[in-house]
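J.: Sharing final.cif (mmCIF, C-alpha atoms) below.
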```
data_my_file
#
loop_
_atom_site.label_atom_id
_atom_site.label_comp_id
_atom_site.auth_asym_id
_atom_site.auth_seq_id
_atom_site.Cartn_x
_atom_site.Cartn_y
_atom_site.Cartn_z
CA MET A 1077 -26.52 43.26 -42.37
CA LYS A 1078 -25.50 42.07 -38.91
CA ARG A 1079 -26.96 38.81 -37.81
CA PRO A 1080 -27.95 38.36 -34.19
CA GLY A 1081 -26.70 35.54 -31.95
CA LYS A 1082 -23.38 33.74 -31.72
CA SER A 1083 -21.13 33.19 -34.63
CA LEU A 1084 -19.97 29.76 -35.66
CA MET A 1085 -16.42 30.60 -34.57
CA GLU A 1086 -17.62 31.54 -31.11
CA MET A 1087 -19.53 28.32 -30.77
CA LEU A 1088 -16.58 26.28 -31.97
CA LEU A 1089 -14.28 28.02 -29.53
CA LEU A 1090 -16.70 27.47 -26.68
CA ILE A 1091 -17.14 23.80 -27.51
CA SER A 1092 -13.37 23.34 -27.79
CA ILE A 1093 -12.73 24.94 -24.40
CA LEU A 1094 -15.49 22.89 -22.80
CA THR A 1095 -14.10 19.71 -24.33
CA VAL A 1096 -10.65 20.40 -22.94
CA ILE A 1097 -12.06 21.19 -19.51
CA MET A 1098 -14.28 18.10 -19.47
CA SER A 1099 -11.37 15.90 -20.55
CA LEU A 1100 -9.18 17.25 -17.78
CA VAL A 1101 -11.88 16.79 -15.17
CA ALA A 1102 -12.71 13.27 -16.37
CA THR A 1103 -9.05 12.20 -16.42
CA THR A 1104 -8.47 13.61 -12.97
CA LEU A 1105 -11.57 11.95 -11.55
CA VAL A 1106 -10.61 8.58 -13.01
CA ALA A 1107 -7.13 8.90 -11.53
CA VAL A 1108 -8.51 9.90 -8.12
CA PHE A 1109 -10.92 6.96 -8.05
CA LYS A 1110 -8.20 4.55 -9.16
CA THR A 1111 -5.81 5.77 -6.48
CA ASP A 1112 -8.53 5.53 -3.85
CA ARG A 1113 -9.31 1.94 -4.87
CA GLN A 1114 -5.64 0.93 -4.89
CA ILE A 1115 -5.01 2.43 -1.46
CA ARG A 1116 -8.01 0.62 0.00
CA GLN A 1117 -6.94 -2.69 -1.54
CA ASP A 1118 -3.38 -2.24 -0.30
CA LEU A 1119 -4.66 -1.54 3.18
CA ASP A 1120 -6.87 -4.63 3.11
CA GLN A 1121 -3.96 -6.79 1.98
CA GLN A 1122 -1.58 -5.39 4.56
CA THR A 1123 -4.08 -5.84 7.37
CA ALA A 1124 -4.80 -9.43 6.33
CA LEU A 1125 -1.07 -10.20 6.04
CA ALA A 1126 -0.30 -8.68 9.43
CA ARG A 1127 -3.05 -10.72 11.09
CA LEU A 1128 -2.03 -13.87 9.25
CA GLY A 1129 1.67 -13.43 10.06
CA SER A 1130 0.97 -12.88 13.73
CA LYS A 1131 -1.29 -15.93 14.04
CA PHE A 1132 0.91 -18.17 11.91
CA ARG A 1133 4.04 -17.40 13.92
CA ALA A 1134 2.29 -17.78 17.27
CA ASP A 1135 0.87 -21.15 16.21
CA ALA A 1136 4.22 -22.38 14.86
CA HIS A 1137 6.00 -21.29 18.07
CA ALA A 1138 3.51 -23.27 20.14
CA ALA A 1139 3.58 -26.33 17.89
CA ALA A 1140 5.17 -29.62 18.85
CA ALA A 1141 5.13 -30.95 15.29
CA CYS A 1142 4.52 -29.67 11.80
CA GLN A 1143 3.41 -31.41 8.63
CA VAL A 1144 3.52 -29.58 5.35
CA GLY A 1145 1.91 -30.48 2.06
CA VAL A 1146 -0.81 -28.63 0.22
CA GLU A 1147 -1.87 -27.63 3.71
CA CYS A 1148 0.13 -26.93 6.84
CA GLU A 1149 -0.79 -28.89 9.94
CA LEU A 1150 0.60 -27.83 13.30
CA THR A 1151 0.10 -30.16 16.24
CA LEU A 1152 0.11 -28.58 19.67
CA ALA A 1153 1.24 -30.27 22.88
CA ASP A 1154 -2.32 -30.40 24.22
CA GLY A 1155 -3.48 -32.46 21.23
CA ARG A 1156 -5.12 -29.68 19.25
CA VAL A 1157 -4.33 -29.46 15.55
CA ILE A 1158 -4.16 -26.17 13.71
CA ARG A 1159 -4.60 -26.52 9.97
CA TYR A 1160 -3.80 -23.80 7.47
CA SER A 1161 -5.16 -24.27 3.98
CA ALA A 1162 -5.23 -21.97 0.97
CA LYS A 1163 -8.06 -22.06 -1.53
CA ASP A 1164 -10.85 -19.91 -2.96
CA ARG A 1165 -9.05 -16.59 -2.54
CA LYS A 1166 -8.41 -17.12 1.16
CA ILE A 1167 -6.23 -18.82 3.70
CA THR A 1168 -8.24 -20.64 6.32
CA ARG A 1169 -6.99 -21.38 9.82
CA GLU A 1170 -8.87 -24.12 11.57
CA VAL A 1171 -8.30 -25.23 15.16
CA ARG A 1172 -9.45 -28.78 15.71
CA ARG A 1173 -9.63 -31.03 18.74
CA GLY A 1174 -10.31 -34.52 17.54
CA ASN A 1175 -13.10 -34.27 14.99
CA SER A 1176 -14.62 -31.07 16.29
CA VAL A 1177 -13.69 -27.64 15.04
CA GLU A 1178 -13.03 -25.24 17.89
CA HIS A 1179 -12.27 -22.16 15.88
CA ARG A 1180 -11.95 -20.95 12.31
CA ASP A 1181 -10.34 -17.83 10.83
CA ALA A 1182 -10.19 -16.67 7.23
CA PHE A 1183 -7.66 -14.31 5.68
CA LEU A 1184 -8.74 -12.92 2.33
CA LEU A 1185 -6.25 -12.75 -0.53
CA PRO A 1186 -6.44 -11.00 -3.89
CA ALA A 1187 -8.10 -13.04 -6.62
CA THR A 1188 -4.86 -13.80 -8.48
CA ALA A 1189 -2.76 -14.73 -5.42
CA THR A 1190 -1.41 -18.20 -4.78
CA ALA A 1191 -0.21 -19.42 -1.39
CA ARG A 1192 1.96 -22.39 -0.54
CA PHE A 1193 3.65 -23.86 2.51
CA ASP A 1194 7.07 -25.44 2.65
CA LEU A 1195 9.96 -26.22 4.94
CA PRO A 1196 13.09 -24.32 3.80
CA ALA A 1197 15.94 -26.75 3.23
CA GLN A 1198 18.55 -24.79 5.19
CA SER A 1199 16.39 -24.70 8.32
CA GLN A 1200 16.57 -28.49 8.84
CA GLY A 1201 12.85 -28.67 9.48
CA HIS A 1202 12.80 -26.07 12.23
CA LEU A 1203 11.24 -23.39 10.09
CA VAL A 1204 7.97 -23.37 8.16
CA ARG A 1205 7.43 -20.90 5.35
CA LEU A 1206 4.24 -19.45 3.93
CA SER A 1207 4.70 -17.77 0.54
CA ILE A 1208 2.07 -15.63 -1.12
CA GLN A 1209 2.82 -14.75 -4.73
CA PRO A 1210 0.91 -13.54 -7.78
CA ALA A 1211 -0.20 -16.41 -10.01
CA GLU A 1212 2.01 -16.90 -13.04
CA ASN A 1213 0.45 -16.32 -16.46
CA SER A 1214 -2.74 -15.11 -14.92
CA ASP A 1215 -5.24 -13.86 -17.47
CA ARG A 1216 -6.71 -11.65 -14.77
CA ALA A 1217 -3.66 -9.49 -14.13
CA TYR A 1218 -5.84 -6.40 -14.37
CA LEU A 1219 -7.39 -7.28 -11.01
CA THR A 1220 -5.98 -6.24 -7.64
CA PRO A 1221 -2.17 -6.43 -7.75
CA VAL A 1222 -0.81 -9.01 -5.34
CA ARG A 1223 1.70 -7.83 -2.76
CA PRO A 1224 4.09 -10.78 -2.46
CA ALA A 1225 4.81 -11.95 1.06
CA ILE A 1226 7.01 -14.55 2.70
CA ILE A 1227 6.33 -15.42 6.32
CA ASP A 1228 8.88 -17.62 8.10
CA ALA A 1229 7.96 -19.10 11.46
CA ALA A 1230 10.10 -21.10 13.87
CA ILE A 1231 8.49 -24.38 14.86
CA GLY A 1232 8.29 -25.15 18.56
CA LEU A 1233 10.13 -22.01 19.57
CA GLY A 1234 8.03 -21.54 22.67
CA ARG A 1235 8.90 -25.06 23.80
CA ARG A 1236 12.68 -24.59 23.66
CA PRO A 1237 14.19 -23.56 26.99
CA GLU A 1238 16.85 -21.38 25.41
CA ALA A 1239 14.89 -19.67 22.71
CA THR A 1240 12.93 -16.62 23.70
CA PRO A 1241 12.35 -14.08 20.93
CA MET B 1389 -32.03 60.56 -25.02
CA LEU B 1390 -33.16 57.27 -26.14
CA LYS B 1391 -34.21 54.49 -23.84
CA ILE B 1392 -33.19 51.13 -24.95
CA GLY B 1393 -35.33 48.28 -23.83
CA LEU B 1394 -34.26 44.72 -24.10
CA ALA B 1395 -36.79 42.81 -26.00
CA SER B 1396 -34.75 39.78 -26.80
CA GLY B 1397 -32.14 37.98 -24.83
CA ARG B 1398 -29.52 38.22 -27.52
CA TYR B 1399 -26.05 39.34 -26.70
CA ARG B 1400 -22.54 38.97 -28.01
CA LEU B 1401 -20.37 36.39 -26.36
CA ALA B 1402 -17.23 37.68 -24.62
CA SER B 1403 -17.72 41.32 -25.43
CA GLY B 1404 -20.32 42.67 -23.04
CA ARG B 1405 -21.59 45.03 -25.68
CA TYR B 1406 -25.13 44.92 -26.82
CA ARG B 1407 -25.97 44.33 -30.38
CA LEU B 1408 -28.87 46.00 -31.99
CA ALA B 1409 -31.03 43.34 -33.40
CA SER B 1410 -34.42 43.07 -34.85
CA GLY B 1411 -35.85 42.39 -31.44
CA TRP B 1412 -34.68 45.73 -29.90
CA ARG B 1413 -37.08 48.55 -29.44
CA LEU B 1414 -36.31 52.21 -28.82
CA ALA B 1415 -38.29 54.59 -26.61
CA SER B 1416 -37.82 58.34 -26.46
CA GLY B 1417 -37.61 60.60 -23.36
CA GLY B 1418 -35.62 58.18 -21.17
CA ARG B 1419 -32.08 58.32 -19.78
CA GLU B 1420 -29.03 56.28 -20.79
CA PRO B 1421 -29.79 52.69 -20.04
CA PRO B 1422 -27.91 51.13 -17.16
CA GLU B 1423 -25.11 49.05 -18.59
CA ILE B 1424 -26.23 45.51 -18.02
CA ARG B 1425 -23.42 43.15 -19.01
CA ARG B 1426 -24.20 39.78 -20.36
CA GLY B 1427 -21.83 37.13 -21.54
CA ILE B 1428 -18.27 36.36 -20.46
CA SER B 1429 -15.37 38.68 -21.07
CA VAL B 1430 -11.97 37.44 -22.15
CA LEU B 1431 -10.56 38.41 -18.76
CA GLU B 1432 -13.18 36.33 -16.94
CA MET B 1433 -12.53 33.41 -19.21
CA THR B 1434 -8.79 33.67 -18.63
CA LEU B 1435 -9.27 33.83 -14.87
CA ALA B 1436 -11.57 30.82 -14.92
CA LEU B 1437 -9.05 28.84 -16.94
CA LEU B 1438 -6.28 29.90 -14.57
CA VAL B 1439 -8.23 28.71 -11.56
CA LEU B 1440 -8.99 25.45 -13.32
CA THR B 1441 -5.36 24.96 -14.24
CA VAL B 1442 -4.28 25.53 -10.63
CA ALA B 1443 -6.90 23.06 -9.39
CA VAL B 1444 -5.92 20.38 -11.90
CA THR B 1445 -2.20 20.88 -11.19
CA SER B 1446 -2.82 20.53 -7.44
CA LEU B 1447 -4.77 17.35 -8.01
CA ALA B 1448 -2.02 15.95 -10.23
CA GLN B 1449 0.55 16.70 -7.53
CA LEU B 1450 -1.69 15.03 -4.97
CA LEU B 1451 -1.93 11.91 -7.12
CA THR B 1452 1.84 11.83 -7.63
CA THR B 1453 2.39 12.13 -3.89
CA ALA B 1454 -0.13 9.36 -3.21
CA ALA B 1455 1.65 7.06 -5.69
CA ALA B 1456 5.02 7.82 -4.09
CA HIS B 1457 3.62 7.05 -0.65
CA ARG B 1458 2.24 3.74 -1.90
CA ARG B 1459 5.66 2.79 -3.24
CA THR B 1460 7.38 3.79 0.00
CA SER B 1461 4.82 1.93 2.07
CA GLU B 1462 5.33 -1.24 0.03
CA GLN B 1463 9.11 -0.98 0.30
CA ARG B 1464 8.93 -0.59 4.08
CA ARG B 1465 6.52 -3.53 4.33
CA LEU B 1466 9.01 -5.73 2.50
CA ALA B 1467 11.83 -4.52 4.75
CA VAL B 1468 9.79 -5.21 7.90
CA GLN B 1469 8.95 -8.67 6.54
CA GLU B 1470 12.65 -9.32 5.94
CA VAL B 1471 13.80 -8.42 9.46
CA ALA B 1472 10.89 -10.35 10.99
CA ASN B 1473 11.88 -13.47 9.02
CA LEU B 1474 15.52 -13.05 10.03
CA ALA B 1475 14.47 -12.71 13.66
CA GLU B 1476 12.69 -16.06 13.38
CA ARG B 1477 15.85 -17.68 12.03
CA ILE B 1478 18.01 -16.12 14.73
CA ALA B 1479 15.59 -17.27 17.41
CA LEU B 1480 16.37 -20.86 16.41
CA TRP B 1481 20.09 -20.41 17.04
CA SER B 1482 21.52 -21.56 20.33
CA TRP B 1483 23.21 -19.18 22.75
CA ASP B 1484 26.65 -20.20 21.56
CA GLU B 1485 25.74 -20.01 17.88
CA LEU B 1486 24.64 -16.40 18.22
CA THR B 1487 27.91 -14.63 17.47
CA ALA B 1488 28.92 -11.62 15.40
CA PRO B 1489 30.52 -13.73 12.61
CA MET B 1490 27.35 -15.79 12.31
CA LEU B 1491 25.28 -12.62 12.08
CA GLY B 1492 27.69 -11.31 9.46
CA GLU B 1493 26.82 -14.24 7.22
CA LEU B 1494 23.21 -13.13 7.01
CA ALA B 1495 22.31 -11.48 3.71
CA PRO B 1496 19.18 -9.91 2.26
CA SER B 1497 16.85 -12.45 0.66
CA GLN B 1498 16.30 -12.65 -3.08
CA PRO B 1499 12.69 -11.36 -2.95
CA LEU B 1500 13.90 -8.29 -1.06
CA LEU B 1501 16.74 -7.68 -3.49
CA ALA B 1502 14.33 -8.05 -6.40
CA ALA B 1503 12.18 -5.28 -4.98
CA LEU B 1504 14.98 -3.17 -3.47
CA PRO B 1505 18.22 -3.78 -5.38
CA SER B 1506 20.15 -1.39 -3.15
CA ALA B 1507 19.07 -3.09 0.08
CA ARG B 1508 21.78 -4.09 2.51
CA LEU B 1509 21.54 -5.70 5.90
CA GLN B 1510 23.29 -4.35 8.98
CA THR B 1511 23.46 -6.39 12.16
CA THR B 1512 24.91 -5.53 15.54
CA LEU B 1513 25.35 -7.77 18.55
CA ALA B 1514 25.77 -6.57 22.11
CA GLU B 1515 25.96 -8.60 25.30
CA GLU B 1516 23.95 -7.32 28.20
CA ALA B 1517 24.96 -8.19 31.74
CA GLY B 1518 22.52 -8.97 34.51
CA PRO B 1519 21.23 -11.86 36.53
CA GLY B 1520 19.99 -13.40 33.29
CA PRO B 1521 22.65 -12.58 30.69
CA SER B 1522 21.29 -11.78 27.30
CA LYS B 1523 22.45 -10.88 23.82
CA ARG B 1524 20.84 -7.98 22.05
CA VAL B 1525 20.67 -8.23 18.26
CA ARG B 1526 19.80 -5.24 16.16
CA LEU B 1527 18.74 -5.96 12.57
CA GLU B 1528 18.46 -3.09 10.12
CA VAL B 1529 17.66 -2.94 6.43
CA HIS B 1530 19.09 0.09 4.63
CA TRP B 1531 18.35 1.09 1.07
CA THR B 1532 18.33 4.07 -1.23
CA THR B 1533 15.69 5.34 -3.59
CA SER B 1534 16.11 5.29 -7.37
CA ALA B 1535 17.20 8.94 -7.08
CA GLY B 1536 20.02 7.86 -4.74
CA GLN B 1537 18.39 9.28 -1.65
CA THR B 1538 18.99 7.34 1.58
CA VAL B 1539 15.79 6.16 3.23
CA GLU B 1540 15.28 5.87 6.97
CA PRO B 1541 16.18 2.24 7.72
CA VAL B 1542 13.77 -0.34 9.03
CA GLY B 1543 15.02 -2.03 12.18
CA LEU B 1544 14.10 -4.70 14.67
CA THR B 1545 15.75 -5.57 17.98
CA VAL B 1546 15.60 -9.07 19.46
CA TRP B 1547 17.08 -10.45 22.65
CA LYS B 1548 18.34 -13.93 23.32
CA HIS B 1549 18.40 -15.04 26.95
CA SER B 1550 20.47 -17.91 28.20
CA ALA B 1551 18.44 -20.00 30.59
CA ALA B 1552 21.45 -22.17 31.42
CA LYS B 1553 23.73 -19.23 32.16
CA ALA B 1554 21.00 -17.55 34.18
CA ALA B 1555 20.69 -20.69 36.28
CA GLU B 1556 24.47 -20.70 36.81
CA ALA B 1557 24.44 -17.07 37.84
CA ALA B 1558 21.60 -17.57 40.27
CA PRO B 1559 22.69 -17.92 43.93
#
```
Just give me the structure of the file as structure tokens.
T.:
Amino acid sequence: MKRPGKSLMEMLLLISILTVIMSLVATTLVAVFKTDRQIRQDLDQQTALARLGSKFRADAHAAAACQVGVECELTLADGRVIRYSAKDRKITREVRRGNSVEHRDAFLLPATATARFDLPAQSQGHLVRLSIQPAENSDRAYLTPVRPAIIDAAIGLGRRPEATP
Amino acid sequence: MLKIGLASGRYRLASGRYRLASGWRLASGGREPPEIRRGISVLEMTLALLVLTVAVTSLAQLLTTAAAHRRTSEQRRLAVQEVANLAERIALWSWDELTAPMLGELAPSQPLLAALPSARLQTTLAEEAGPGPSKRVRLEVHWTTSAGQTVEPVGLTVWKHSAAKAAEAAP
């Protein structure tokens, strides 16, 4: 006697094929979404770094003096002070005249990035350096990967008669 | 001739042939039934799998290309950063300090070498005449991929003008 309907073998084969197909589709979709997210994050970082580098160099070139600690303070000839500080996932640029803030910019960094300012020894104080690096021993390494960056800027370049970049 | 009417929706998977089942009924005096195929043949299944395989392979290639582009983009960003930082250092040099031997002492930074071990720096210096004499400095970072393929170098050109010499040259 022939029994109507699908046999167990047919069902098993069908389910196996569907499983393989679904696995392939799921894996591909996950990879596509991951790539899309990484590309967007890279673009955000690169845009922020380009803006930051441009501003930081222009400010350092125009500066008459520079003080570096946890923050970087650039004093312009007209008395304005430009302060760069890094905290809470961003670098803030603040232009002050006396006690009043004239302007403020923020440059977003990845969550695990650390930024610091220093004066490279070999530059004899004529160069200020901003370094952005991934935090060491971060327990959140799974977050957006940090693109390390080093931005050197010549201090007072625009005020030197013989130095025109 | 017998007319076969479909009373149940039962069919055999992947064969296209009808199965006589308890739900079938037969009627006399009709013609051969039109062959209505149900189910999926092996050929159709194979074609579908082939199309799927092509689609998945294309997507995998796309992802590989995207990853390669990300790597290349990051390498070029680091190279651009390197030449921009060197340009800042060179801008601090005086007119007399800016010479070919001094440029020859420049070397790729450690962060760049960590990311691009094959990176090397090439500098050229040329003097340009004119009412305001200037020196043209070309900075280039060359490197090769892990497969040994030479990549198009990243370069930056900067000029140094001598205000003092320009004043001397002025009538």
J.: Would you write out, as JSON, numbers by chain, every residue that the PyMOL selection byres ((chain A) within 10 of (chain B)) captures in this file?
T.: {"A": [1078, 1079, 1080, 1081, 1082, 1083, 1086, 1087, 1090, 1093, 1097, 1100, 1101, 1103, 1104, 1105, 1107, 1108, 1110, 1111, 1112, 1114, 1115, 1118, 1122, 1126, 1129, 1133, 1137, 1199, 1202, 1203, 1205, 1223, 1224, 1225, 1226, 1227, 1228, 1229, 1230, 1231, 1232, 1233, 1236, 1237, 1238, 1239, 1240, 1241]}
J.: If we count only C-alpha atoms and set the cut-off at 8 Å, which residues sit around region 1505-1510 of chain B, ignoring sequence neighbours fewer than 4 positions away in its own chain? Please answer as an MDAnalysis selection string.
T.: chainID B and resid 1494:1496 1500:1501 1527:1532
J.: Find the spatial neighbours of Leu1128 (chain A), counting only C-alpha atoms, within a cut-off of 10 Å - ignore same-chain residues fewer than 3 positions away - and output them as a PyMOL selection string.
T.: chain A and resi 1122-1125+1131-1134+1167-1169+1181-1184+1206+1227
J.: Any chance you could work out the residue set of the PyMOL selection byres ((chain A and resi 1142) around 10) here, as number ranges by chain?
T.: A: 1136, 1139-1141, 1143-1144, 1148-1152, 1157-1159, 1195, 1201-1204, 1231-1232
J.: Quick check, in Å to one decimal: how far apart do CA of Ala1211 (chain A) and CA of Val1171 (chain A) lie?
T.: 27.9 Å
J.: Under the PyMOL selection byres ((chain A and resi 1192) around 6), which residues of this model are included? Write them out as a list in words.
T.: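 That selection, the PyMOL selection byres ((chain A and resi 1192) around 6), comes back as Ala1191, Phe1193, Leu1206 and Ser1207 of chain A.
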J.: Do you have the CA of Arg1526 (chain B)-CA of Glu1540 (chain B) distance handy?
T.: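 So the two atoms, CA of Arg1526 (chain B) and CA of Glu1540 (chain B), lie 15.1 Å apart.
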J.: Calculate how many Å separate CA of Thr1190 (chain A) from CA of Glu1178 (chain A), rounding to one decimal.
T.: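 Between CA of Thr1190 (chain A) and CA of Glu1178 (chain A) the gap is 26.4 Å.
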J.: Give as a list of chain:residue names every residue, naming chains and numbers as the document does, that has an atom within 6 Å of (-4.3, -7.6, -7.6), counting all atoms listed in the file.
T.: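 Those within range, by chain then number, are A:Pro1186, A:Leu1219, A:Thr1220, A:Pro1221, A:Val1222.
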